$ cat input04.txt   # compact mmCIF, C-alpha atoms
# COMPACT_ATOMS: atom_id res chain seq x y z
CA MET A 1 -20.64 160.52 8.69
CA THR A 2 -20.97 161.97 12.16
CA ASP A 3 -23.02 165.05 12.94
CA ALA A 4 -19.87 166.76 14.22
CA SER A 5 -18.47 166.90 10.70
CA ILE A 6 -21.21 169.18 9.42
CA ASN A 7 -19.78 172.17 11.23
CA THR A 8 -16.48 172.13 9.41
CA GLN A 9 -15.98 174.46 6.46
CA THR A 10 -14.23 171.87 4.30
CA VAL A 11 -17.24 169.58 3.87
CA GLN A 12 -18.46 169.27 0.27
CA PRO A 13 -21.81 171.07 0.08
CA GLU A 14 -24.67 168.58 -0.12
CA ALA A 15 -27.15 168.94 -2.94
CA GLY A 16 -30.75 169.80 -2.21
CA PHE A 17 -33.70 168.12 -3.93
CA GLY A 18 -34.00 171.04 -6.36
CA ASP A 19 -30.42 170.49 -7.55
CA TYR A 20 -31.31 166.96 -8.68
CA VAL A 21 -34.42 168.32 -10.40
CA ALA A 22 -32.23 170.91 -12.17
CA LEU A 23 -30.05 168.03 -13.46
CA LEU A 24 -33.03 166.85 -15.50
CA LYS A 25 -33.30 170.15 -17.43
CA PRO A 26 -36.93 170.92 -16.50
CA ARG A 27 -37.36 173.47 -19.32
CA VAL A 28 -36.36 170.91 -21.95
CA MET A 29 -38.63 168.38 -20.23
CA SER A 30 -41.60 170.75 -20.51
CA LEU A 31 -41.04 171.02 -24.28
CA VAL A 32 -40.76 167.22 -24.50
CA VAL A 33 -44.02 166.80 -22.55
CA PHE A 34 -45.79 169.23 -24.89
CA THR A 35 -44.59 167.72 -28.18
CA ALA A 36 -45.05 164.11 -27.00
CA LEU A 37 -48.59 164.97 -25.84
CA VAL A 38 -49.39 166.44 -29.26
CA GLY A 39 -48.02 163.27 -30.91
CA LEU A 40 -50.20 161.14 -28.62
CA LEU A 41 -53.38 163.19 -29.09
CA ALA A 42 -52.96 163.68 -32.85
CA ALA A 43 -52.85 159.90 -33.38
CA PRO A 44 -55.97 158.35 -34.95
CA MET A 45 -56.67 156.06 -31.98
CA GLY A 46 -56.80 156.94 -28.30
CA VAL A 47 -55.43 155.29 -25.20
CA HIS A 48 -56.78 155.06 -21.65
CA PRO A 49 -56.14 158.47 -19.97
CA MET A 50 -54.11 156.79 -17.23
CA VAL A 51 -51.92 155.00 -19.80
CA GLY A 52 -51.50 158.27 -21.71
CA PHE A 53 -50.60 160.24 -18.57
CA ALA A 54 -48.10 157.65 -17.34
CA SER A 55 -46.52 157.28 -20.79
CA ILE A 56 -45.98 161.04 -21.17
CA LEU A 57 -44.49 161.11 -17.67
CA PHE A 58 -42.04 158.29 -18.47
CA ILE A 59 -41.07 159.97 -21.77
CA ALA A 60 -40.35 163.15 -19.76
CA VAL A 61 -38.28 161.19 -17.21
CA GLY A 62 -36.31 159.62 -20.08
CA ALA A 63 -35.64 163.07 -21.54
CA GLY A 64 -34.57 164.30 -18.09
CA ALA A 65 -32.23 161.33 -17.71
CA SER A 66 -30.51 162.15 -20.99
CA GLY A 67 -30.18 165.75 -19.72
CA ALA A 68 -28.40 164.48 -16.59
CA LEU A 69 -26.02 162.39 -18.74
CA ASN A 70 -25.36 165.48 -20.88
CA MET A 71 -24.54 167.52 -17.75
CA TRP A 72 -22.21 164.79 -16.49
CA TRP A 73 -20.24 164.64 -19.75
CA ASP A 74 -20.26 168.37 -20.54
CA ALA A 75 -19.41 169.70 -17.04
CA ASP A 76 -16.05 171.03 -18.30
CA ILE A 77 -17.50 173.16 -21.11
CA ASP A 78 -20.59 174.12 -19.07
CA ALA A 79 -18.25 175.68 -16.50
CA VAL A 80 -16.70 177.91 -19.20
CA MET A 81 -19.93 179.19 -20.76
CA LYS A 82 -21.83 181.96 -18.97
CA ARG A 83 -25.22 180.49 -19.98
CA THR A 84 -24.48 177.10 -18.36
CA ALA A 85 -22.00 177.89 -15.54
CA LYS A 86 -24.71 177.74 -12.87
CA ARG A 87 -25.79 174.17 -13.71
CA PRO A 88 -25.57 171.82 -10.69
CA VAL A 89 -22.36 169.98 -11.72
CA PRO A 90 -20.17 172.98 -12.74
CA ALA A 91 -21.54 174.93 -9.75
CA GLY A 92 -20.24 172.15 -7.46
CA LYS A 93 -23.64 171.28 -6.02
CA VAL A 94 -23.86 167.78 -7.50
CA GLU A 95 -20.88 165.42 -7.96
CA PRO A 96 -20.25 164.31 -11.59
CA GLY A 97 -20.59 160.67 -10.49
CA GLU A 98 -23.99 161.42 -8.99
CA ALA A 99 -25.17 163.00 -12.24
CA LEU A 100 -24.01 159.87 -14.12
CA ALA A 101 -25.80 157.59 -11.64
CA VAL A 102 -29.03 159.61 -11.83
CA GLY A 103 -28.84 159.63 -15.64
CA VAL A 104 -28.22 155.89 -16.04
CA ALA A 105 -30.74 154.84 -13.36
CA LEU A 106 -33.53 157.07 -14.64
CA SER A 107 -32.87 156.05 -18.27
CA GLY A 108 -33.37 152.36 -17.43
CA PHE A 109 -36.36 153.15 -15.25
CA ALA A 110 -38.08 155.29 -17.91
CA ILE A 111 -37.55 152.75 -20.74
CA VAL A 112 -38.79 149.75 -18.72
CA MET A 113 -41.78 151.64 -17.33
CA LEU A 114 -42.76 152.97 -20.78
CA ALA A 115 -42.58 149.43 -22.19
CA LEU A 116 -44.89 148.22 -19.39
CA ALA A 117 -47.26 151.18 -19.64
CA SER A 118 -47.56 151.27 -23.44
CA ASN A 119 -45.62 149.13 -25.93
CA MET A 120 -42.17 148.06 -27.08
CA VAL A 121 -42.06 150.37 -30.11
CA ALA A 122 -42.51 153.46 -27.91
CA ALA A 123 -39.96 152.14 -25.38
CA GLY A 124 -37.50 151.30 -28.18
CA LEU A 125 -37.82 154.81 -29.61
CA LEU A 126 -37.25 156.32 -26.15
CA ALA A 127 -34.15 154.14 -25.65
CA PHE A 128 -32.81 155.22 -29.05
CA THR A 129 -33.53 158.89 -28.25
CA ILE A 130 -31.59 158.72 -24.98
CA PHE A 131 -28.69 156.94 -26.71
CA PHE A 132 -28.75 159.45 -29.56
CA TYR A 133 -28.71 162.50 -27.28
CA ALA A 134 -26.27 161.23 -24.65
CA VAL A 135 -23.83 159.29 -26.84
CA VAL A 136 -24.16 160.37 -30.50
CA TYR A 137 -24.76 164.09 -29.83
CA THR A 138 -23.15 164.84 -26.44
CA MET A 139 -20.15 162.53 -26.47
CA TRP A 140 -19.40 162.41 -30.19
CA LEU A 141 -20.79 165.12 -32.47
CA LYS A 142 -20.98 168.18 -30.22
CA ARG A 143 -17.21 168.63 -29.93
CA TRP A 144 -16.32 167.21 -33.32
CA THR A 145 -18.36 168.74 -36.13
CA PRO A 146 -20.10 172.09 -36.83
CA GLN A 147 -23.05 170.00 -38.03
CA ASN A 148 -23.57 169.00 -34.35
CA ILE A 149 -26.79 170.97 -34.14
CA VAL A 150 -28.23 169.45 -37.33
CA ILE A 151 -27.75 165.80 -36.38
CA GLY A 152 -28.18 166.35 -32.63
CA GLY A 153 -31.49 168.05 -33.35
CA ALA A 154 -32.90 164.62 -34.13
CA ALA A 155 -32.85 163.77 -30.42
CA GLY A 156 -35.21 166.66 -29.69
CA ALA A 157 -37.41 165.67 -32.62
CA PHE A 158 -38.26 162.15 -31.40
CA PRO A 159 -40.78 162.92 -28.58
CA PRO A 160 -43.85 163.43 -30.84
CA MET A 161 -42.94 160.16 -32.61
CA ILE A 162 -42.81 158.40 -29.24
CA GLY A 163 -46.17 159.91 -28.26
CA TRP A 164 -47.64 158.70 -31.59
CA ALA A 165 -46.16 155.21 -31.00
CA VAL A 166 -47.75 155.07 -27.52
CA ALA A 167 -51.19 155.40 -29.17
CA THR A 168 -50.67 153.47 -32.40
CA GLY A 169 -47.89 151.00 -31.54
CA GLY A 170 -46.00 152.04 -34.68
CA ILE A 171 -44.59 154.77 -36.89
CA GLY A 172 -46.61 156.67 -39.50
CA LEU A 173 -46.12 159.34 -42.14
CA GLU A 174 -47.65 161.91 -39.78
CA SER A 175 -45.28 161.06 -36.92
CA VAL A 176 -42.31 161.29 -39.31
CA LEU A 177 -43.56 164.72 -40.45
CA MET A 178 -43.76 165.92 -36.81
CA PHE A 179 -40.20 164.62 -36.36
CA GLY A 180 -39.17 166.49 -39.52
CA LEU A 181 -40.74 169.71 -38.33
CA ILE A 182 -38.59 169.83 -35.17
CA PHE A 183 -35.53 168.40 -36.94
CA MET A 184 -35.53 171.09 -39.66
CA TRP A 185 -36.46 173.85 -37.19
CA THR A 186 -33.54 173.17 -34.82
CA PRO A 187 -30.62 174.44 -36.99
CA PRO A 188 -32.02 177.92 -37.79
CA HIS A 189 -33.15 178.24 -34.15
CA PHE A 190 -29.72 177.44 -32.67
CA TRP A 191 -27.66 179.19 -35.33
CA ALA A 192 -29.62 182.41 -34.74
CA LEU A 193 -28.71 182.04 -31.05
CA ALA A 194 -25.09 181.33 -31.94
CA LEU A 195 -24.91 184.53 -34.03
CA PHE A 196 -25.38 186.70 -30.92
CA MET A 197 -23.89 184.27 -28.33
CA ASN A 198 -20.77 183.39 -30.32
CA ALA A 199 -18.28 184.36 -27.59
CA ASP A 200 -19.59 181.65 -25.26
CA TYR A 201 -19.18 178.80 -27.76
CA GLU A 202 -15.78 180.10 -28.92
CA LYS A 203 -14.52 180.21 -25.32
CA ALA A 204 -15.66 176.63 -24.71
CA GLY A 205 -14.14 175.36 -27.98
CA VAL A 206 -17.45 173.98 -29.24
CA PRO A 207 -17.24 173.86 -33.06
CA MET A 208 -20.40 175.84 -33.78
CA LEU A 209 -20.80 176.84 -37.41
CA THR A 210 -20.22 180.50 -36.46
CA VAL A 211 -16.83 179.53 -34.99
CA THR A 212 -15.60 177.14 -37.70
CA HIS A 213 -17.04 178.65 -40.90
CA GLY A 214 -17.86 182.21 -39.88
CA ARG A 215 -21.02 184.21 -39.69
CA ARG A 216 -21.58 184.65 -43.45
CA VAL A 217 -21.82 180.87 -43.94
CA THR A 218 -24.08 180.60 -40.85
CA ARG A 219 -26.43 183.22 -42.31
CA ASN A 220 -26.56 181.26 -45.61
CA HIS A 221 -27.31 178.04 -43.71
CA ILE A 222 -30.14 179.66 -41.72
CA LEU A 223 -31.85 180.72 -44.95
CA ALA A 224 -31.29 177.31 -46.61
CA TYR A 225 -32.79 175.35 -43.70
CA THR A 226 -35.73 177.75 -43.40
CA LEU A 227 -36.44 177.29 -47.13
CA LEU A 228 -36.46 173.50 -46.62
CA LEU A 229 -38.55 173.74 -43.44
CA ALA A 230 -41.40 175.81 -44.93
CA PRO A 231 -42.81 173.26 -47.44
CA LEU A 232 -42.53 170.48 -44.85
CA ALA A 233 -44.41 172.54 -42.23
CA VAL A 234 -47.13 173.65 -44.66
CA GLY A 235 -47.35 170.20 -46.30
CA THR A 236 -48.21 168.62 -42.92
CA ALA A 237 -51.52 170.51 -43.12
CA PHE A 238 -52.69 168.12 -45.86
CA THR A 239 -52.21 164.92 -43.86
CA SER A 240 -54.62 163.34 -41.38
CA ILE A 241 -53.29 165.43 -38.46
CA GLY A 242 -53.64 168.76 -40.31
CA GLY A 243 -56.64 170.91 -41.17
CA PRO A 244 -57.71 174.51 -41.82
CA VAL A 245 -56.56 175.78 -38.39
CA TYR A 246 -53.10 174.27 -38.81
CA LEU A 247 -52.85 175.42 -42.45
CA THR A 248 -53.63 179.04 -41.49
CA VAL A 249 -51.10 179.01 -38.65
CA ALA A 250 -48.43 177.32 -40.80
CA VAL A 251 -48.82 179.70 -43.76
CA VAL A 252 -48.61 182.83 -41.57
CA LEU A 253 -45.71 181.59 -39.42
CA ASN A 254 -43.67 180.26 -42.32
CA ALA A 255 -44.08 183.52 -44.22
CA LEU A 256 -42.80 185.41 -41.15
CA PHE A 257 -40.00 182.88 -40.58
CA LEU A 258 -38.86 183.06 -44.21
CA LEU A 259 -38.91 186.85 -44.06
CA GLY A 260 -36.80 186.77 -40.88
CA ALA A 261 -34.32 184.30 -42.41
CA PHE A 262 -34.08 186.45 -45.55
CA ARG A 263 -33.35 189.55 -43.46
CA ILE A 264 -30.62 187.66 -41.54
CA TRP A 265 -29.12 186.47 -44.84
CA ARG A 266 -29.12 189.99 -46.33
CA ARG A 267 -27.27 191.55 -43.39
CA ASP A 268 -23.55 191.57 -42.76
CA GLU A 269 -21.69 191.59 -39.47
CA GLU A 270 -21.16 195.34 -39.39
CA ILE A 271 -24.87 196.15 -39.64
CA ALA A 272 -25.69 193.44 -37.08
CA GLN A 273 -23.18 194.76 -34.56
CA ASN A 274 -24.45 198.30 -34.99
CA ASP A 275 -27.99 197.41 -33.93
CA LYS A 276 -26.82 194.78 -31.41
CA TYR A 277 -28.14 191.80 -33.41
CA LYS A 278 -31.71 193.07 -33.30
CA VAL A 279 -32.90 191.01 -36.29
CA GLU A 280 -31.13 187.83 -35.10
CA LYS A 281 -32.64 188.17 -31.63
CA SER A 282 -36.15 188.75 -32.95
CA PHE A 283 -35.73 185.74 -35.30
CA PHE A 284 -34.71 183.61 -32.31
CA GLY A 285 -37.79 184.79 -30.37
CA LEU A 286 -39.99 184.05 -33.40
CA SER A 287 -38.48 180.57 -33.67
CA LEU A 288 -39.70 179.72 -30.16
CA LEU A 289 -43.20 180.92 -31.02
CA TYR A 290 -43.00 179.10 -34.39
CA LEU A 291 -42.61 175.65 -32.86
CA PHE A 292 -45.06 176.25 -30.02
CA LEU A 293 -47.81 177.49 -32.35
CA HIS A 294 -47.33 174.72 -34.95
CA PHE A 295 -47.74 172.04 -32.30
CA GLY A 296 -50.50 174.09 -30.63
CA ALA A 297 -52.37 174.10 -33.97
CA LEU A 298 -51.97 170.31 -34.30
CA LEU A 299 -53.37 170.01 -30.78
CA ALA A 300 -56.29 172.28 -31.73
CA GLU A 301 -57.06 170.08 -34.75
CA ALA A 302 -57.02 166.98 -32.51
CA ALA A 303 -59.25 168.71 -29.93
CA LEU A 304 -61.76 169.81 -32.59
CA ARG A 305 -61.94 166.39 -34.27
CA PRO A 306 -64.48 164.82 -31.84
CA TYR A 307 -66.88 167.69 -32.67
CA GLY A 308 -66.54 167.15 -36.40
CA LEU A 309 -64.62 170.41 -36.81
CA GLY A 310 -60.95 169.36 -36.98
CA GLY A 311 -59.20 168.11 -40.11
CA TRP A 312 -60.50 168.32 -43.68
CA GLY A 313 -63.43 165.98 -43.41
CA MET B 1 -18.11 175.29 18.32
CA SER B 2 -21.53 174.23 19.44
CA PHE B 3 -23.66 171.86 17.46
CA ARG B 4 -26.90 173.40 16.22
CA ALA B 5 -29.75 171.03 15.53
CA THR B 6 -31.22 173.37 12.93
CA HIS B 7 -28.14 173.64 10.77
CA GLU B 8 -28.88 174.63 7.15
CA LEU B 9 -27.58 171.22 6.09
CA HIS B 10 -30.36 169.53 8.07
CA HIS B 11 -32.95 171.57 6.23
CA ARG B 12 -31.44 170.55 2.90
CA ARG B 13 -31.33 166.87 3.86
CA SER B 14 -34.87 167.03 5.16
CA GLY B 15 -36.02 168.67 1.93
CA ARG B 16 -34.29 165.94 -0.07
CA ASN B 17 -35.87 163.18 2.00
CA ILE B 18 -39.36 164.68 1.76
CA GLY B 19 -38.88 165.15 -2.00
CA LEU B 20 -37.84 161.52 -2.41
CA ALA B 21 -40.78 160.33 -0.29
CA LEU B 22 -43.21 162.29 -2.47
CA VAL B 23 -41.64 160.89 -5.66
CA LEU B 24 -41.96 157.31 -4.31
CA LEU B 25 -45.57 157.89 -3.25
CA ALA B 26 -46.36 159.31 -6.70
CA PHE B 27 -44.73 156.24 -8.30
CA ILE B 28 -46.88 153.90 -6.19
CA ALA B 29 -50.00 155.84 -7.22
CA ILE B 30 -49.02 155.66 -10.92
CA VAL B 31 -48.33 151.90 -10.85
CA PHE B 32 -51.62 151.33 -9.03
CA GLY B 33 -53.51 153.52 -11.52
CA LEU B 34 -51.87 151.79 -14.49
CA THR B 35 -52.73 148.35 -13.06
CA VAL B 36 -56.38 149.31 -12.60
CA ALA B 37 -56.52 150.83 -16.12
CA LYS B 38 -55.01 147.73 -17.74
CA VAL B 39 -56.96 145.12 -15.78
CA THR B 40 -60.29 146.87 -16.37
CA SER B 41 -59.72 147.66 -20.04
CA GLY B 42 -61.55 144.49 -21.04
CA ASP B 43 -58.95 142.84 -23.21
CA PRO B 44 -59.03 139.03 -23.35
CA MET B 45 -56.06 138.40 -21.07
CA GLN B 46 -55.27 136.51 -17.90
CA ALA B 47 -54.22 138.42 -14.84
CA PHE B 48 -51.02 136.59 -13.92
CA ASP B 49 -48.97 138.11 -16.75
CA HIS B 50 -51.44 140.39 -18.57
CA ALA B 51 -50.55 138.78 -21.89
CA PRO B 52 -53.26 138.24 -24.52
CA ARG B 53 -54.53 134.64 -24.67
CA THR B 54 -55.97 133.23 -27.86
CA ASP B 55 -57.68 130.44 -25.89
CA LEU B 56 -59.87 133.09 -24.25
CA LEU B 57 -61.27 134.13 -27.63
CA PRO B 58 -64.65 132.73 -28.64
CA GLN B 59 -64.35 129.35 -30.35
CA ALA B 60 -64.53 129.47 -34.12
CA ALA B 61 -67.42 127.57 -35.68
CA PRO B 62 -66.34 124.06 -36.76
CA ALA B 63 -65.54 123.82 -40.41
CA THR B 64 -68.21 122.31 -42.52
CA GLY B 65 -67.79 121.16 -46.03
CA ASP B 66 -67.56 118.37 -48.34
$ encode --input "input04.txt" --output "structure tokens"
Amino acid sequence: MTDASINTQTVQPEAGFGDYVALLKPRVMSLVVFTALVGLLAAPMGVHPMVGFASILFIAVGAGASGALNMWWDADIDAVMKRTAKRPVPAGKVEPGEALAVGVALSGFAIVMLALASNMVAAGLLAFTIFFYAVVYTMWLKRWTPQNIVIGGAAGAFPPMIGWAVATGGIGLESVLMFGLIFMWTPPHFWALALFMNADYEKAGVPMLTVTHGRRVTRNHILAYTLLLAPLAVGTAFTSIGGPVYLTVAVVLNALFLLGAFRIWRRDEEIAQNDKYKVEKSFFGLSLLYLFLHFGALLAEAALRPYGLGGWG
Amino acid sequence: MSFRATHELHHRRSGRNIGLALVLLAFIAIVFGLTVAKVTSGDPMQAFDHAPRTDLLPQAAPATGD
């Protein structure tokens, strides 16, 4: 390309560095870093700080790569939805082919580097997570079934298991429970969002439960999943990663979460529209705090353990 | 139309190049740090492939018996 061509108006705008960073969904990456770090630190054995740091970084890069693949595939529906229209591909800042190349290259890079930095179990779990999110969720389930959120939620639930595998080289009951916590939390979290953002999903033709089965069924599902989530979240307190701090946090948060889910279930659409989905919005806000504080409490237990304060012993 | 050396596009390209340079430098630092951490962790392994070697373990006492 010659320099003369840059002054013409028809040239495709070139992406800046920040646009490529935005492809990796930095907000999702920050959640992945947090939950993977908790999985790593809650494990019974430690790793060298440099190995731990590098492993968390490569897990985050892997998560970012799957985000880029998601943006490549979903550019058409992202352009329709208000929430996602400004993403780099629908906004025309990054070419779809570039997003695909970034996603594939960074996926391979992250898996190989994690295998070298830690072990094959962690790298295998990361590879499966990327495959699950990019292929099973994005390409297959998202546009096909209203259970997309339930099964797709598994992709977001793997990071603490990968963090645990970095330290232990395997899978344990505790890492499966951390997986279960995020897996069971995802449906009520997203369905609450869908209750007050329905128009966006409907416009894009994404078969969210609110679109295919209506809001009454969605409200029933939110309550059902919250009822299943509560014993799992509280039960984790009695394993080796739990303790009094976690138990207190879990009991309080699950009581609030159940109360919120019950209030959503009791309401009908008319009442919700009249107060502009006040209860649904506050439940969604609580759900963010719910996950952050559960994992924060697990981190606190791990941090207290060296001083003889964490856990039950 | 005159060519301006400080076109907005140049700033964007420059930002992209600097960003990439910083990412590559960070990668070098991480690989170096990982190498140091693994080599100095004291495991019985040889440096050429960093794989554990059973022949580096202390010899077992010869079996005695009848």
$ closest_atom_pairs --input "input04.txt" --of "chain B" --to "chain A" --cutoff "7 Å" --atoms "all atoms listed in the file" --output "tab-separated table"
residue	atom	partner	partner_atom	distance
B:Arg12	CA	A:Gly16	CA	5.2
B:Arg13	CA	A:Gly16	CA	6.8
B:Gly15	CA	A:Phe17	CA	6.3
B:Arg16	CA	A:Phe17	CA	4.5
B:Gly19	CA	A:Phe17	CA	6.3
B:Ile30	CA	A:Ala54	CA	6.8
B:Gly33	CA	A:Met50	CA	6.6
B:Leu34	CA	A:Met50	CA	6.1
B:Ala37	CA	A:Met50	CA	6.5
$ residues_near_point --input "input04.txt" --point "(-37.3, 168.0, -11.8)" --cutoff "12 Å" --atoms "all atoms listed in the file" --output "list in words"
Gly16, Phe17, Gly18, Asp19, Tyr20, Val21, Ala22, Leu23, Leu24, Lys25, Pro26, Arg27, Val28, Met29, Ser30, Leu57, Ala60, Val61, Gly62, Ala63, Gly64, Ala65, Gly67, Ala68, Val102 and Leu106 of chain A; Gly19, Leu20 and Val23 of chain B
$ closest_residue --input "input04.txt" --among "A:Phe109, A:Phe295, A:Phe190, A:Tyr225" --to "Phe58 of chain A" --atoms "only C-alpha atoms"
A:Phe109
$ residues_near_point --input "input04.txt" --point "(-31.8, 192.4, -34.4)" --cutoff "12 Å" --atoms "only C-alpha atoms" --output "PDB file with C-alpha atoms, in the coordinates of the input"
ATOM      1  CA  ALA A 192     -29.620 182.410 -34.740  1.00  0.00           C
ATOM      2  CA  LEU A 193     -28.710 182.040 -31.050  1.00  0.00           C
ATOM      3  CA  LEU A 195     -24.910 184.530 -34.030  1.00  0.00           C
ATOM      4  CA  PHE A 196     -25.380 186.700 -30.920  1.00  0.00           C
ATOM      5  CA  GLY A 260     -36.800 186.770 -40.880  1.00  0.00           C
ATOM      6  CA  ALA A 261     -34.320 184.300 -42.410  1.00  0.00           C
ATOM      7  CA  ARG A 263     -33.350 189.550 -43.460  1.00  0.00           C
ATOM      8  CA  ILE A 264     -30.620 187.660 -41.540  1.00  0.00           C
ATOM      9  CA  ARG A 267     -27.270 191.550 -43.390  1.00  0.00           C
ATOM     10  CA  ASP A 268     -23.550 191.570 -42.760  1.00  0.00           C
ATOM     11  CA  GLU A 269     -21.690 191.590 -39.470  1.00  0.00           C
ATOM     12  CA  ILE A 271     -24.870 196.150 -39.640  1.00  0.00           C
ATOM     13  CA  ALA A 272     -25.690 193.440 -37.080  1.00  0.00           C
ATOM     14  CA  GLN A 273     -23.180 194.760 -34.560  1.00  0.00           C
ATOM     15  CA  ASN A 274     -24.450 198.300 -34.990  1.00  0.00           C
ATOM     16  CA  ASP A 275     -27.990 197.410 -33.930  1.00  0.00           C
ATOM     17  CA  LYS A 276     -26.820 194.780 -31.410  1.00  0.00           C
ATOM     18  CA  TYR A 277     -28.140 191.800 -33.410  1.00  0.00           C
ATOM     19  CA  LYS A 278     -31.710 193.070 -33.300  1.00  0.00           C
ATOM     20  CA  VAL A 279     -32.900 191.010 -36.290  1.00  0.00           C
ATOM     21  CA  GLU A 280     -31.130 187.830 -35.100  1.00  0.00           C
ATOM     22  CA  LYS A 281     -32.640 188.170 -31.630  1.00  0.00           C
ATOM     23  CA  SER A 282     -36.150 188.750 -32.950  1.00  0.00           C
ATOM     24  CA  PHE A 283     -35.730 185.740 -35.300  1.00  0.00           C
ATOM     25  CA  PHE A 284     -34.710 183.610 -32.310  1.00  0.00           C
ATOM     26  CA  GLY A 285     -37.790 184.790 -30.370  1.00  0.00           C
ATOM     27  CA  LEU A 286     -39.990 184.050 -33.400  1.00  0.00           C
TER      28      LEU A 286
END
$ atom_distance --input "input04.txt" --atom1 "atom CA of Arg219 of chain A" --atom2 "atom CA of Tyr201 of chain A"
16.8 Å
$ residues_around --input "input04.txt" --residues "Val47 of chain A" --least-positions-apart "6" --cutoff "10 Å" --atoms "only C-alpha atoms" --output "PyMOL selection string"
chain A and resi 40-41+53+118+166-168
$ residues_around --input "input04.txt" --residues "segment 121-129 of chain A" --least-positions-apart "5" --cutoff "7 Å" --atoms "all atoms listed in the file" --output "CSV table (one decimal) with C-alpha atoms, in the frame of the given file"
chain,number,residue,atom,x,y,z
A,59,ILE,CA,-41.1,160.0,-21.8
A,62,GLY,CA,-36.3,159.6,-20.1
A,111,ILE,CA,-37.6,152.8,-20.7
A,114,LEU,CA,-42.8,153.0,-20.8
A,115,ALA,CA,-42.6,149.4,-22.2
A,155,ALA,CA,-32.8,163.8,-30.4
A,158,PHE,CA,-38.3,162.2,-31.4
A,162,ILE,CA,-42.8,158.4,-29.2
A,165,ALA,CA,-46.2,155.2,-31.0
A,166,VAL,CA,-47.8,155.1,-27.5
A,169,GLY,CA,-47.9,151.0,-31.5
A,170,GLY,CA,-46.0,152.0,-34.7
$ residues_around --input "input04.txt" --residues "Pro188 of chain A" --least-positions-apart "2" --cutoff "8 Å" --atoms "only C-alpha atoms" --output "JSON, numbers by chain"
{"A": [184, 185, 186, 190, 191, 192, 221, 222, 223, 225, 226]}
$ atom_distance --input "input04.txt" --atom1 "atom CA of Gly214 of chain A" --atom2 "atom CA of Asp76 of chain A"
24.4 Å
$ atom_distance --input "input04.txt" --atom1 "atom CA of Pro96 of chain A" --atom2 "atom CA of Ala26 of chain B"
27.0 Å
$ closest_residue --input "input04.txt" --among "A:Phe179, A:Phe262, A:Phe257, A:Phe238" --to "Ala36 of chain A" --atoms "all atoms listed in the file"
A:Phe179
$ residues_around --input "input04.txt" --residues "Val89 of chain A" --least-positions-apart "6" --cutoff "9 Å" --atoms "only C-alpha atoms" --output "PDB file with C-alpha atoms, in the frame of the given file"
ATOM      1  CA  LEU A  23     -30.050 168.030 -13.460  1.00  0.00           C
ATOM      2  CA  MET A  71     -24.540 167.520 -17.750  1.00  0.00           C
ATOM      3  CA  TRP A  72     -22.210 164.790 -16.490  1.00  0.00           C
ATOM      4  CA  ALA A  75     -19.410 169.700 -17.040  1.00  0.00           C
ATOM      5  CA  ASP A  78     -20.590 174.120 -19.070  1.00  0.00           C
ATOM      6  CA  ALA A  79     -18.250 175.680 -16.500  1.00  0.00           C
ATOM      7  CA  GLU A  95     -20.880 165.420  -7.960  1.00  0.00           C
ATOM      8  CA  PRO A  96     -20.250 164.310 -11.590  1.00  0.00           C
ATOM      9  CA  ALA A  99     -25.170 163.000 -12.240  1.00  0.00           C
TER      10      ALA A  99
END
$ build_atoms --input "input04.txt" --residues "segment 285-294 of chain A" --atoms "N, CA and C atoms" --output "PDB file, in the coordinates of the input"
ATOM      1  N   GLY A 285     -36.521 184.729 -31.113  1.00  0.00           N
ATOM      2  CA  GLY A 285     -37.790 184.790 -30.370  1.00  0.00           C
ATOM      3  C   GLY A 285     -38.931 184.217 -31.195  1.00  0.00           C
ATOM      4  N   LEU A 286     -38.946 184.571 -32.499  1.00  0.00           N
ATOM      5  CA  LEU A 286     -39.990 184.050 -33.400  1.00  0.00           C
ATOM      6  C   LEU A 286     -39.900 182.541 -33.519  1.00  0.00           C
ATOM      7  N   SER A 287     -38.656 182.018 -33.513  1.00  0.00           N
ATOM      8  CA  SER A 287     -38.480 180.570 -33.670  1.00  0.00           C
ATOM      9  C   SER A 287     -39.116 179.801 -32.507  1.00  0.00           C
ATOM     10  N   LEU A 288     -39.065 180.367 -31.316  1.00  0.00           N
ATOM     11  CA  LEU A 288     -39.700 179.720 -30.160  1.00  0.00           C
ATOM     12  C   LEU A 288     -41.220 179.675 -30.352  1.00  0.00           C
ATOM     13  N   LEU A 289     -41.754 180.815 -30.785  1.00  0.00           N
ATOM     14  CA  LEU A 289     -43.200 180.920 -31.020  1.00  0.00           C
ATOM     15  C   LEU A 289     -43.611 179.995 -32.173  1.00  0.00           C
ATOM     16  N   TYR A 290     -42.754 179.902 -33.186  1.00  0.00           N
ATOM     17  CA  TYR A 290     -43.000 179.100 -34.390  1.00  0.00           C
ATOM     18  C   TYR A 290     -43.312 177.646 -34.004  1.00  0.00           C
ATOM     19  N   LEU A 291     -42.427 177.061 -33.210  1.00  0.00           N
ATOM     20  CA  LEU A 291     -42.610 175.650 -32.860  1.00  0.00           C
ATOM     21  C   LEU A 291     -43.825 175.468 -31.951  1.00  0.00           C
ATOM     22  N   PHE A 292     -43.943 176.357 -30.969  1.00  0.00           N
ATOM     23  CA  PHE A 292     -45.060 176.250 -30.020  1.00  0.00           C
ATOM     24  C   PHE A 292     -46.401 176.344 -30.749  1.00  0.00           C
ATOM     25  N   LEU A 293     -46.524 177.295 -31.667  1.00  0.00           N
ATOM     26  CA  LEU A 293     -47.810 177.490 -32.350  1.00  0.00           C
ATOM     27  C   LEU A 293     -48.109 176.386 -33.369  1.00  0.00           C
ATOM     28  N   HIS A 294     -47.081 175.836 -34.027  1.00  0.00           N
ATOM     29  CA  HIS A 294     -47.330 174.720 -34.950  1.00  0.00           C
ATOM     30  C   HIS A 294     -47.902 173.521 -34.189  1.00  0.00           C
TER      31      HIS A 294
END
